[in-house]
2 protein chains.
Amino acid sequence: MAIEFQVLHKDKHTNARLGVIKTPHGIFETPVFMPVGTYGCVKGVSPDDLKEAEVSIILSNTYHLYLRPGHELIKELGGLHNFMGWDRPILTDSGGFQVFSLAKLRKITDDGVIFQSHLDGSRHFIGPEEAISIQKSLGADIIMAFDECAPYPAEREYIERSVQRTSIWAKRCLDVMERDGRQSIFGIIQGGVYMEFREKSAKELVEMDFDGYAIGGLSVGEEREIRNEIIKNTVPFLPEKKPIYLMGIGLPEDIVEGVVSGVDMFDCVIPTRNGRNGTLFTKRGKIVIKNARYINDIRPIEEDCNCYTCQNFSRAYLRHLFMTRELLVYRLNTIHNLYYYCRLMKEIRDAIRHDRMKEFVKKFYRIKEGNLC
Amino acid sequence: MAIEFQVLHKDKHTNARLGVIKTPHGIFETPVFMPVGTYGCVKGVSPDDLKEAEVSIILSNTYHLYLRPGHELIKELGGLHNFMGWDRPILTDSGGFQVFSLAKLRKITDDGVIFQSHLDGSRHFIGPEEAISIQKSLGADIIMAFDECAPYPAEREYIERSVQRTSIWAKRCLDVMERDGRQSIFGIIQGGVYMEFREKSAKELVEMDFDGYAIGGLSVGEEREIRNEIIKNTVPFLPEKKPIYLMGIGLPEDIVEGVVSGVDMFDCVIPTRNGRNGTLFTKRGKIVIKNARYINDIRPIEEDCNCYTCQNFSRAYLRHLFMTRELLVYRLNTIHNLYYYCRLMKEIRDAIRHDRMKEFVKKFYRIKEGNLC
């Protein structure tokens, strides 16, 4: 059974839409945020913590799991859901982005990519067929086509070639998929910051009929305004009946902008990574917990937050744990940030449901820029 | 209200006893194990995790909290219970052991100890009055008299002098206590491996009428047999109506031996520290989770364990998390080890209740030495 996507409601004043996705591991509403569980574990938290934050789907990294502990072992142990004790939906990326950003000495050919592991320098090859085969072993509900993620800045010629290659690879990924299986596959639109190539990439992939479409190759160094333009102008080339996923983005404000442009799915390491670095999200802006101003601050991170951290611990205590590098703080911070992101998504969905997305965006910025932390 | 201790039952065939201690923050049964929360946090776990493991009292370190974040800040924030979100009993040590084992450039006088912080080299002085004052600020249910913990090996003369000093300091601690307050105070028996000094120390402290008595200065390098002899022979000098606490010990087998000798309370960093190092306790012996034999082992750490870790995750997954240094594994390992320790204590209490402690000890060693992990 592949995923089923349904648009429940379209906001009257923006391109935002409320949807629902059914998967073999459960149903979730969109717009949705997916925390990143690189090695089959969302850093610092347990599956129960994720459920308490109302996380409904996570992303895991194919490249990392391929290297450690290996997709074949995960398959032998019953698949990724079973391995990590997570019974809700999982999306795995294709490994493409990581091969280009993490691996050493990569060599790209039309077949795929030869690269050296960033861990031990061992040599590997991943092409479209390998990426699908690995993701089949992992058993995620949604898997991604293998793409070439171009660097930024890049010449037109480079982007043109990488879009071409991404389309060829996308077709090869589809060819080895079993479309009647339990896994669905999304294609990834590339094209850098050149709208003509974004359009070309989108049209070619839409032609192939994927289960959903991702906008990839962004947040690699381009300016925020340019990125938002690309997103806004790419969405119209994608079919209304398929979910749209903006890869690797981002900050709360990036998500709000993405939703307004019509994006349904998001993932990013920001809430988890920033949590571990001691940066906490609140409606009123960020809190850098190590700051001396919190030394005797008995308030929770956020007054009206219902997360475990805010219900039980003060900023003063979190600061103390952070300064003494107590492991607990990484979990507590991550719990809050994930809760913040999930609540943001819930509020966004409610706003769309009531045709109030435009007001929501205004209020979001007004409170944030008041910055009264 | 000081603590109230009651012996509920004495085992017919050993010196083990079942008791109950009432404190301002709740009641717990003895023999009890106290996990160590050095900086006002049991490393790697949250108060909820502790409660799930049925931890009924924790220990926290005066020396560490004095340095970071400072006892005055904790007092200002409502005391240690409030600060760390733990509403069950707390015992704080006196700082004595840490001053002798961690601090740099310490100078012991009859007044107290001048030392340099192991963190930044800053100079500090702690004597008996300071130790009590700090522990009053922290607000633990049970506080410890300031003692001199002698090194091992040490000459008779050194031990004699340190026992003398410990008695003088104990008296000074009592002098500044408010015995009608919410805190109770235990005296600490010293004397190294010399029974005559243990006896002297015990008699002098018993004379002063503390709320409980600790056996200190052990597990500093002496052999296990010698230590067990000292414990067994020191207990008879302590009053039957007061709880007996064996400080800083130890392994499951050390606890079993201590109970048989009549000890009521234990603390040790072993379950938490070993958990973080990847060593897991089971009835059948230890599991070193990084071992290659667990790479595809789908069993939980321990088949009949009801902890969150064993109920949800395989050895293979824990090994993977450990090899990739995922923070979650330190929590999951710690949860299991604490659960193991608390269950051991529960089984010990049940054994005493039914006059079966002798059989329990036999079975404990038989299963452990079968080592079938």
# chains A, B, ... in the order shown; residues from 1 in each chain; ligands from 1
call {"tool": "calpha_fit_and_write", "arguments": {"fixed": "chain B", "moving": "chain A", "output": "compact mmCIF listing (two decimals) with C-alpha atoms, in the first residue's frame"}}
result
# COMPACT_ATOMS: atom_id res chain seq x y z
CA MET A 1 10.76 17.02 61.39
CA ALA A 2 13.78 14.75 61.41
CA ILE A 3 13.72 11.33 59.81
CA GLU A 4 12.13 8.40 61.59
CA PHE A 5 13.63 4.96 61.22
CA GLN A 6 11.92 1.75 62.13
CA VAL A 7 13.17 -1.83 61.79
CA LEU A 8 10.26 -3.82 60.41
CA HIS A 9 11.86 -7.23 60.42
CA LYS A 10 15.17 -8.91 61.11
CA ASP A 11 16.22 -11.84 58.96
CA LYS A 12 16.45 -15.01 61.10
CA HIS A 13 19.69 -16.32 59.63
CA THR A 14 21.79 -13.24 58.80
CA ASN A 15 22.19 -9.71 60.17
CA ALA A 16 20.08 -8.32 57.32
CA ARG A 17 17.16 -6.16 58.32
CA LEU A 18 14.13 -4.66 56.66
CA GLY A 19 13.34 -1.12 57.71
CA VAL A 20 11.46 2.00 56.78
CA ILE A 21 12.60 5.62 56.86
CA LYS A 22 10.16 8.52 57.00
CA THR A 23 11.45 11.86 55.75
CA PRO A 24 9.87 15.25 55.02
CA HIS A 25 9.84 14.20 51.35
CA GLY A 26 8.34 10.76 51.72
CA ILE A 27 8.85 7.27 53.02
CA PHE A 28 11.10 4.53 51.71
CA GLU A 29 11.99 1.02 52.69
CA THR A 30 15.49 -0.20 53.48
CA PRO A 31 17.84 -1.73 52.44
CA VAL A 32 17.87 1.00 49.81
CA PHE A 33 20.18 2.04 47.00
CA MET A 34 20.71 5.75 46.30
CA PRO A 35 21.79 6.74 42.78
CA VAL A 36 24.28 9.59 42.69
CA GLY A 37 23.21 12.96 41.29
CA THR A 38 26.49 14.83 41.54
CA TYR A 39 25.42 18.19 40.12
CA GLY A 40 21.77 17.98 41.15
CA CYS A 41 21.06 15.56 38.33
CA VAL A 42 21.54 11.79 38.15
CA LYS A 43 23.69 11.67 35.03
CA GLY A 44 21.79 10.88 31.86
CA VAL A 45 18.30 10.53 33.34
CA SER A 46 15.37 12.72 34.38
CA PRO A 47 13.38 12.67 37.63
CA ASP A 48 10.64 10.78 35.77
CA ASP A 49 13.14 8.14 34.67
CA LEU A 50 14.21 7.73 38.30
CA LYS A 51 10.63 7.30 39.43
CA GLU A 52 9.99 4.72 36.73
CA ALA A 53 12.97 2.77 38.04
CA GLU A 54 11.37 3.11 41.52
CA VAL A 55 14.28 5.12 42.89
CA SER A 56 13.11 6.35 46.29
CA ILE A 57 16.05 8.52 47.41
CA ILE A 58 19.05 10.02 45.67
CA LEU A 59 22.41 11.34 46.83
CA SER A 60 23.85 14.65 45.67
CA ASN A 61 27.38 15.99 46.12
CA THR A 62 27.89 19.01 48.34
CA TYR A 63 31.38 19.75 47.03
CA HIS A 64 30.20 19.90 43.41
CA LEU A 65 27.06 21.92 44.07
CA TYR A 66 29.05 24.32 46.27
CA LEU A 67 31.30 25.04 43.27
CA ARG A 68 28.56 24.95 40.59
CA PRO A 69 26.03 26.55 40.62
CA GLY A 70 26.69 27.46 44.28
CA HIS A 71 24.61 26.59 47.34
CA GLU A 72 23.44 30.17 47.79
CA LEU A 73 21.87 30.22 44.33
CA ILE A 74 20.17 26.89 45.03
CA LYS A 75 18.85 28.26 48.31
CA GLU A 76 17.57 31.39 46.52
CA LEU A 77 15.80 29.15 43.99
CA GLY A 78 13.98 27.22 46.72
CA GLY A 79 16.42 24.45 47.62
CA LEU A 80 17.78 21.44 45.79
CA HIS A 81 14.49 19.51 45.54
CA ASN A 82 12.83 22.43 43.82
CA PHE A 83 15.86 23.27 41.68
CA MET A 84 16.17 19.79 40.19
CA GLY A 85 12.48 18.87 40.11
CA TRP A 86 12.83 15.91 42.48
CA ASP A 87 10.20 15.71 45.20
CA ARG A 88 11.43 12.53 46.90
CA PRO A 89 14.12 12.35 49.60
CA ILE A 90 17.67 13.56 49.02
CA LEU A 91 20.84 12.87 50.98
CA THR A 92 23.83 15.16 50.52
CA ASP A 93 27.32 14.05 51.38
CA SER A 94 29.53 16.37 53.41
CA GLY A 95 31.99 17.27 50.70
CA GLY A 96 34.73 15.64 52.74
CA PHE A 97 35.44 12.76 50.39
CA GLN A 98 35.53 15.02 47.31
CA VAL A 99 37.78 17.60 48.95
CA PHE A 100 40.24 14.78 49.61
CA SER A 101 39.88 12.99 46.29
CA LEU A 102 39.24 15.73 43.72
CA ALA A 103 40.50 19.09 44.93
CA LYS A 104 44.01 20.28 44.24
CA LEU A 105 46.54 21.47 46.80
CA ARG A 106 44.46 20.75 49.84
CA LYS A 107 45.76 21.66 53.27
CA ILE A 108 44.14 20.04 56.27
CA THR A 109 44.15 21.80 59.60
CA ASP A 110 42.14 21.18 62.73
CA ASP A 111 39.80 23.93 61.52
CA GLY A 112 38.99 22.32 58.20
CA VAL A 113 40.39 22.07 54.70
CA ILE A 114 41.81 24.76 52.44
CA PHE A 115 41.69 23.56 48.84
CA GLN A 116 41.74 24.64 45.24
CA SER A 117 38.77 23.93 42.98
CA HIS A 118 39.43 21.13 40.50
CA LEU A 119 37.62 23.33 37.94
CA ASP A 120 39.43 26.66 37.99
CA GLY A 121 42.01 26.49 40.75
CA SER A 122 40.14 29.04 42.89
CA ARG A 123 40.85 28.79 46.67
CA HIS A 124 38.20 27.70 49.15
CA PHE A 125 37.83 26.67 52.75
CA ILE A 126 35.41 24.10 54.10
CA GLY A 127 35.33 23.07 57.72
CA PRO A 128 32.57 21.38 59.70
CA GLU A 129 30.55 24.58 60.15
CA GLU A 130 30.81 25.43 56.44
CA ALA A 131 29.83 21.89 55.40
CA ILE A 132 26.67 22.10 57.51
CA SER A 133 25.88 25.61 56.35
CA ILE A 134 26.18 24.58 52.69
CA GLN A 135 24.03 21.49 53.26
CA LYS A 136 21.44 23.60 55.05
CA SER A 137 21.21 25.80 51.99
CA LEU A 138 20.79 22.77 49.75
CA GLY A 139 18.02 21.49 52.01
CA ALA A 140 18.52 17.72 51.71
CA ASP A 141 16.49 15.49 54.03
CA ILE A 142 19.63 13.79 55.31
CA ILE A 143 22.93 15.60 55.57
CA MET A 144 26.33 14.22 56.52
CA ALA A 145 28.84 15.35 59.11
CA PHE A 146 32.14 16.66 57.74
CA ASP A 147 34.81 13.97 58.04
CA GLU A 148 38.39 13.33 57.07
CA CYS A 149 38.58 10.51 54.58
CA ALA A 150 42.05 9.00 54.90
CA PRO A 151 43.87 7.55 51.90
CA TYR A 152 44.77 3.88 51.52
CA PRO A 153 47.22 2.62 52.49
CA ALA A 154 47.83 4.85 55.53
CA GLU A 155 49.94 4.45 58.66
CA ARG A 156 48.29 3.77 62.01
CA GLU A 157 49.36 7.20 63.23
CA TYR A 158 47.70 8.92 60.28
CA ILE A 159 44.47 7.01 60.81
CA GLU A 160 44.54 7.65 64.55
CA ARG A 161 44.85 11.40 63.97
CA SER A 162 42.15 11.47 61.27
CA VAL A 163 39.71 9.53 63.47
CA GLN A 164 40.36 12.01 66.25
CA ARG A 165 39.78 14.93 63.91
CA THR A 166 36.65 13.33 62.48
CA SER A 167 35.19 13.04 65.98
CA ILE A 168 36.00 16.66 66.82
CA TRP A 169 34.50 17.82 63.52
CA ALA A 170 31.43 15.62 64.06
CA LYS A 171 30.79 17.34 67.39
CA ARG A 172 31.18 20.77 65.77
CA CYS A 173 28.73 19.75 63.02
CA LEU A 174 26.15 18.77 65.64
CA ASP A 175 26.72 22.02 67.50
CA VAL A 176 25.60 24.09 64.50
CA MET A 177 22.71 21.82 63.51
CA GLU A 178 19.17 22.71 64.39
CA ARG A 179 18.03 19.31 65.53
CA ASP A 180 14.39 20.36 65.45
CA GLY A 181 14.68 21.36 61.79
CA ARG A 182 13.62 19.51 58.66
CA GLN A 183 17.05 18.00 58.17
CA SER A 184 18.60 14.97 59.84
CA ILE A 185 22.31 14.40 60.20
CA PHE A 186 24.39 11.22 60.01
CA GLY A 187 27.87 10.82 61.50
CA ILE A 188 30.60 9.09 59.49
CA ILE A 189 32.73 6.36 61.03
CA GLN A 190 36.35 6.41 59.87
CA GLY A 191 39.32 4.29 60.92
CA GLY A 192 40.74 2.88 57.71
CA VAL A 193 41.33 -0.87 57.88
CA TYR A 194 42.22 -0.81 61.59
CA MET A 195 39.37 -2.28 63.60
CA GLU A 196 40.52 -0.66 66.85
CA PHE A 197 40.10 2.78 65.26
CA ARG A 198 36.81 1.82 63.62
CA GLU A 199 35.60 0.82 67.08
CA LYS A 200 36.88 4.05 68.62
CA SER A 201 35.32 6.15 65.85
CA ALA A 202 31.99 4.34 66.14
CA LYS A 203 31.83 4.65 69.92
CA GLU A 204 32.68 8.34 69.91
CA LEU A 205 30.08 9.17 67.25
CA VAL A 206 27.38 6.98 68.80
CA GLU A 207 27.96 8.87 72.03
CA MET A 208 27.05 12.08 70.19
CA ASP A 209 23.67 10.68 69.12
CA PHE A 210 23.39 11.22 65.35
CA ASP A 211 20.21 10.37 63.41
CA GLY A 212 22.08 7.66 61.58
CA TYR A 213 25.59 6.34 61.02
CA ALA A 214 27.65 5.95 57.91
CA ILE A 215 30.67 3.75 57.38
CA GLY A 216 33.05 5.90 55.34
CA GLY A 217 36.60 5.71 54.07
CA LEU A 218 36.17 2.36 52.32
CA SER A 219 36.47 1.38 48.67
CA VAL A 220 39.61 3.53 48.47
CA GLY A 221 41.90 0.72 47.37
CA GLU A 222 41.71 -1.91 50.11
CA GLU A 223 40.99 -5.55 49.25
CA ARG A 224 37.40 -6.67 49.08
CA GLU A 225 37.77 -9.30 51.84
CA ILE A 226 39.34 -6.78 54.21
CA ARG A 227 36.59 -4.29 53.43
CA ASN A 228 33.83 -6.80 54.09
CA GLU A 229 35.47 -7.74 57.40
CA ILE A 230 35.62 -4.10 58.46
CA ILE A 231 31.94 -3.61 57.59
CA LYS A 232 30.84 -6.78 59.35
CA ASN A 233 32.81 -5.89 62.46
CA THR A 234 31.84 -2.21 62.56
CA VAL A 235 28.07 -2.66 62.38
CA PRO A 236 27.84 -4.23 65.88
CA PHE A 237 29.17 -0.98 67.40
CA LEU A 238 26.27 0.98 65.94
CA PRO A 239 22.87 1.37 67.61
CA GLU A 240 20.16 -0.96 66.34
CA LYS A 241 17.62 1.82 66.21
CA LYS A 242 19.50 3.99 63.74
CA PRO A 243 19.98 3.46 60.00
CA ILE A 244 23.41 2.33 58.84
CA TYR A 245 24.76 3.69 55.58
CA LEU A 246 27.75 2.24 53.71
CA MET A 247 29.21 5.08 51.64
CA GLY A 248 30.20 4.82 47.99
CA ILE A 249 29.77 1.04 47.64
CA GLY A 250 29.27 -0.56 45.18
CA LEU A 251 28.85 -3.54 42.94
CA PRO A 252 25.73 -5.70 43.29
CA GLU A 253 27.75 -8.31 45.19
CA ASP A 254 29.10 -5.64 47.56
CA ILE A 255 25.56 -4.56 48.31
CA VAL A 256 24.42 -8.11 48.96
CA GLU A 257 27.34 -8.60 51.37
CA GLY A 258 26.64 -5.26 53.05
CA VAL A 259 23.00 -6.16 53.60
CA VAL A 260 23.99 -9.48 55.16
CA SER A 261 26.21 -7.54 57.57
CA GLY A 262 23.30 -5.29 58.56
CA VAL A 263 23.70 -2.24 56.32
CA ASP A 264 20.52 -0.31 55.41
CA MET A 265 21.63 2.29 52.86
CA PHE A 266 24.00 2.32 49.91
CA ASP A 267 25.12 4.73 47.22
CA CYS A 268 27.48 4.36 44.29
CA VAL A 269 28.15 5.82 40.84
CA ILE A 270 28.59 2.33 39.39
CA PRO A 271 25.15 1.80 37.79
CA THR A 272 25.15 5.24 36.18
CA ARG A 273 28.84 5.47 35.26
CA ASN A 274 29.01 1.91 33.95
CA GLY A 275 25.82 2.53 31.99
CA ARG A 276 27.46 5.45 30.22
CA ASN A 277 30.52 3.29 29.56
CA GLY A 278 28.36 0.60 27.99
CA THR A 279 28.48 -1.97 30.78
CA LEU A 280 25.07 -3.34 31.64
CA PHE A 281 24.09 -5.36 34.70
CA THR A 282 22.00 -8.50 34.50
CA LYS A 283 21.34 -11.30 36.94
CA ARG A 284 23.56 -13.46 34.80
CA GLY A 285 26.49 -11.06 34.86
CA LYS A 286 27.64 -8.05 32.90
CA ILE A 287 27.07 -7.21 29.26
CA VAL A 288 29.66 -5.05 27.50
CA ILE A 289 27.40 -3.70 24.81
CA LYS A 290 30.09 -2.80 22.29
CA ASN A 291 31.10 -6.45 21.91
CA ALA A 292 30.66 -7.74 18.36
CA ARG A 293 28.59 -10.65 19.66
CA TYR A 294 25.64 -8.29 20.17
CA ILE A 295 25.70 -6.90 16.62
CA ASN A 296 22.54 -8.78 15.58
CA ASP A 297 21.26 -9.81 18.99
CA ILE A 298 17.56 -9.05 18.97
CA ARG A 299 17.09 -9.87 22.66
CA PRO A 300 16.67 -7.12 25.23
CA ILE A 301 19.50 -6.62 27.75
CA GLU A 302 17.62 -8.90 30.16
CA GLU A 303 14.72 -11.10 29.16
CA ASP A 304 12.50 -10.62 32.20
CA CYS A 305 13.32 -6.94 32.86
CA ASN A 306 10.44 -4.46 32.76
CA CYS A 307 12.50 -1.30 32.31
CA TYR A 308 11.75 1.05 29.40
CA THR A 309 14.98 0.01 27.68
CA CYS A 310 14.33 -3.72 27.84
CA GLN A 311 10.68 -3.30 26.89
CA ASN A 312 11.52 -1.39 23.72
CA PHE A 313 15.04 -1.95 22.42
CA SER A 314 17.33 -4.79 21.41
CA ARG A 315 20.96 -5.33 22.29
CA ALA A 316 21.69 -4.85 18.58
CA TYR A 317 20.12 -1.38 18.61
CA LEU A 318 21.84 -0.37 21.87
CA ARG A 319 25.15 -1.53 20.43
CA HIS A 320 24.52 0.52 17.28
CA LEU A 321 23.67 3.62 19.35
CA PHE A 322 26.77 3.07 21.48
CA MET A 323 29.05 2.69 18.45
CA THR A 324 27.62 5.86 16.88
CA ARG A 325 27.78 7.66 20.26
CA GLU A 326 24.12 8.60 20.14
CA LEU A 327 23.20 10.41 23.35
CA LEU A 328 20.09 8.26 23.75
CA VAL A 329 22.16 5.21 24.61
CA TYR A 330 23.57 6.78 27.76
CA ARG A 331 20.04 7.33 29.02
CA LEU A 332 18.78 3.89 27.97
CA ASN A 333 21.76 2.12 29.57
CA THR A 334 21.42 4.15 32.76
CA ILE A 335 17.69 3.42 32.96
CA HIS A 336 18.37 -0.30 32.76
CA ASN A 337 21.20 -0.30 35.30
CA LEU A 338 19.20 1.75 37.81
CA TYR A 339 16.21 -0.52 37.29
CA TYR A 340 18.46 -3.51 37.86
CA TYR A 341 19.80 -2.04 41.13
CA CYS A 342 16.34 -1.06 42.38
CA ARG A 343 14.96 -4.49 41.57
CA LEU A 344 17.90 -6.10 43.36
CA MET A 345 17.06 -4.05 46.45
CA LYS A 346 13.41 -4.99 46.20
CA GLU A 347 14.26 -8.67 45.95
CA ILE A 348 16.60 -8.30 48.90
CA ARG A 349 13.83 -6.68 50.96
CA ASP A 350 11.43 -9.46 50.02
CA ALA A 351 14.01 -12.07 50.98
CA ILE A 352 14.54 -10.46 54.39
CA ARG A 353 10.78 -10.18 54.94
CA HIS A 354 10.50 -13.93 54.50
CA ASP A 355 13.71 -14.87 56.35
CA ARG A 356 15.21 -16.07 53.09
CA MET A 357 18.25 -13.81 52.80
CA LYS A 358 20.67 -16.72 53.08
CA GLU A 359 19.00 -18.54 50.18
CA PHE A 360 18.84 -15.30 48.24
CA VAL A 361 22.61 -14.84 48.52
CA LYS A 362 23.27 -18.40 47.37
CA LYS A 363 20.96 -18.04 44.40
CA PHE A 364 22.39 -14.60 43.55
CA TYR A 365 25.88 -16.05 43.15
CA ARG A 366 24.72 -19.23 41.45
CA ILE A 367 22.89 -17.37 38.68
CA LYS A 368 25.60 -14.74 38.36
CA GLU A 369 28.35 -17.32 38.04
CA GLY A 370 26.39 -19.31 35.50
CA ASN A 371 27.07 -16.26 33.28
CA LEU A 372 24.91 -17.04 30.28
CA CYS A 373 24.66 -13.57 28.76
call {"tool": "select_by_dssp", "arguments": {"residues": "range 219-256 of chain B", "states": "helix (DSSP H, G or I)", "output": "MDAnalysis selection string"}}
result
chainID B and resid 224:237 252:256
call {"tool": "write_last_selection", "arguments": {"atoms": "C-alpha atoms", "output": "PDB file, in the first residue's frame"}}
result
ATOM      1  CA  ARG B 224      37.408  -6.668  49.074  1.00  0.00           C
ATOM      2  CA  GLU B 225      37.771  -9.290  51.824  1.00  0.00           C
ATOM      3  CA  ILE B 226      39.324  -6.780  54.201  1.00  0.00           C
ATOM      4  CA  ARG B 227      36.587  -4.286  53.441  1.00  0.00           C
ATOM      5  CA  ASN B 228      33.841  -6.818  54.087  1.00  0.00           C
ATOM      6  CA  GLU B 229      35.471  -7.749  57.395  1.00  0.00           C
ATOM      7  CA  ILE B 230      35.608  -4.103  58.452  1.00  0.00           C
ATOM      8  CA  ILE B 231      31.948  -3.611  57.579  1.00  0.00           C
ATOM      9  CA  LYS B 232      30.843  -6.785  59.344  1.00  0.00           C
ATOM     10  CA  ASN B 233      32.808  -5.886  62.451  1.00  0.00           C
ATOM     11  CA  THR B 234      31.843  -2.215  62.560  1.00  0.00           C
ATOM     12  CA  VAL B 235      28.069  -2.665  62.384  1.00  0.00           C
ATOM     13  CA  PRO B 236      27.841  -4.232  65.899  1.00  0.00           C
ATOM     14  CA  PHE B 237      29.164  -0.979  67.416  1.00  0.00           C
ATOM     15  CA  PRO B 252      25.732  -5.693  43.274  1.00  0.00           C
ATOM     16  CA  GLU B 253      27.756  -8.314  45.192  1.00  0.00           C
ATOM     17  CA  ASP B 254      29.102  -5.634  47.558  1.00  0.00           C
ATOM     18  CA  ILE B 255      25.558  -4.563  48.307  1.00  0.00           C
ATOM     19  CA  VAL B 256      24.418  -8.111  48.951  1.00  0.00           C
TER      20      VAL B 256
END
call {"tool": "select_by_dssp", "arguments": {"residues": "range 26-260 of chain A", "states": "strand (DSSP E)", "output": "short mmCIF file (atom, residue, chain, number, x, y, z; two decimals) with C-alpha atoms, in the first residue's frame"}}
result
data_model
loop_
_atom_site.label_atom_id
_atom_site.label_comp_id
_atom_site.auth_asym_id
_atom_site.auth_seq_id
_atom_site.Cartn_x
_atom_site.Cartn_y
_atom_site.Cartn_z
CA GLY A 26 -0.36 5.61 10.34
CA ILE A 27 -1.95 8.85 9.31
CA PHE A 28 -0.72 12.39 9.78
CA GLU A 29 -1.89 15.84 8.87
CA THR A 30 0.07 18.32 6.78
CA VAL A 32 4.06 18.57 8.93
CA PHE A 33 7.55 18.86 10.35
CA MET A 34 9.81 15.80 10.38
CA PRO A 35 12.61 15.70 12.97
CA ILE A 58 10.53 11.31 11.23
CA LEU A 59 13.26 11.39 8.61
CA SER A 60 16.29 9.11 8.70
CA ILE A 90 9.44 7.20 8.46
CA LEU A 91 10.85 8.95 5.41
CA THR A 92 14.39 8.16 4.31
CA LYS A 104 35.40 12.51 0.74
CA LEU A 105 36.82 12.24 -2.77
CA ARG A 106 33.53 11.73 -4.53
CA LYS A 107 33.48 11.10 -8.26
CA ILE A 108 30.22 11.61 -10.09
CA VAL A 113 28.73 8.37 -7.27
CA ILE A 114 31.96 6.74 -6.12
CA PHE A 115 32.91 8.13 -2.72
CA GLN A 116 34.96 7.53 0.38
CA ARG A 123 35.34 3.26 -0.93
CA HIS A 124 31.70 2.91 -1.91
CA PHE A 125 29.42 3.33 -4.88
CA ILE A 126 25.83 4.52 -4.78
CA ILE A 142 8.39 7.19 1.96
CA ILE A 143 11.68 6.90 0.12
CA MET A 144 13.42 9.46 -2.05
CA SER A 184 6.10 5.25 -1.78
CA ILE A 185 8.68 7.27 -3.64
CA PHE A 186 9.12 11.03 -4.06
CA GLY A 187 11.09 12.69 -6.85
CA ILE A 188 13.44 15.58 -6.05
CA ILE A 189 13.35 18.79 -8.07
CA GLY A 212 5.12 13.14 -4.11
CA TYR A 213 7.62 15.84 -4.99
CA ALA A 214 10.46 17.36 -3.05
CA ILE A 215 12.19 20.65 -3.65
CA ILE A 244 5.15 18.78 -1.69
CA TYR A 245 8.21 18.43 0.52
CA LEU A 246 10.81 21.16 1.05
#
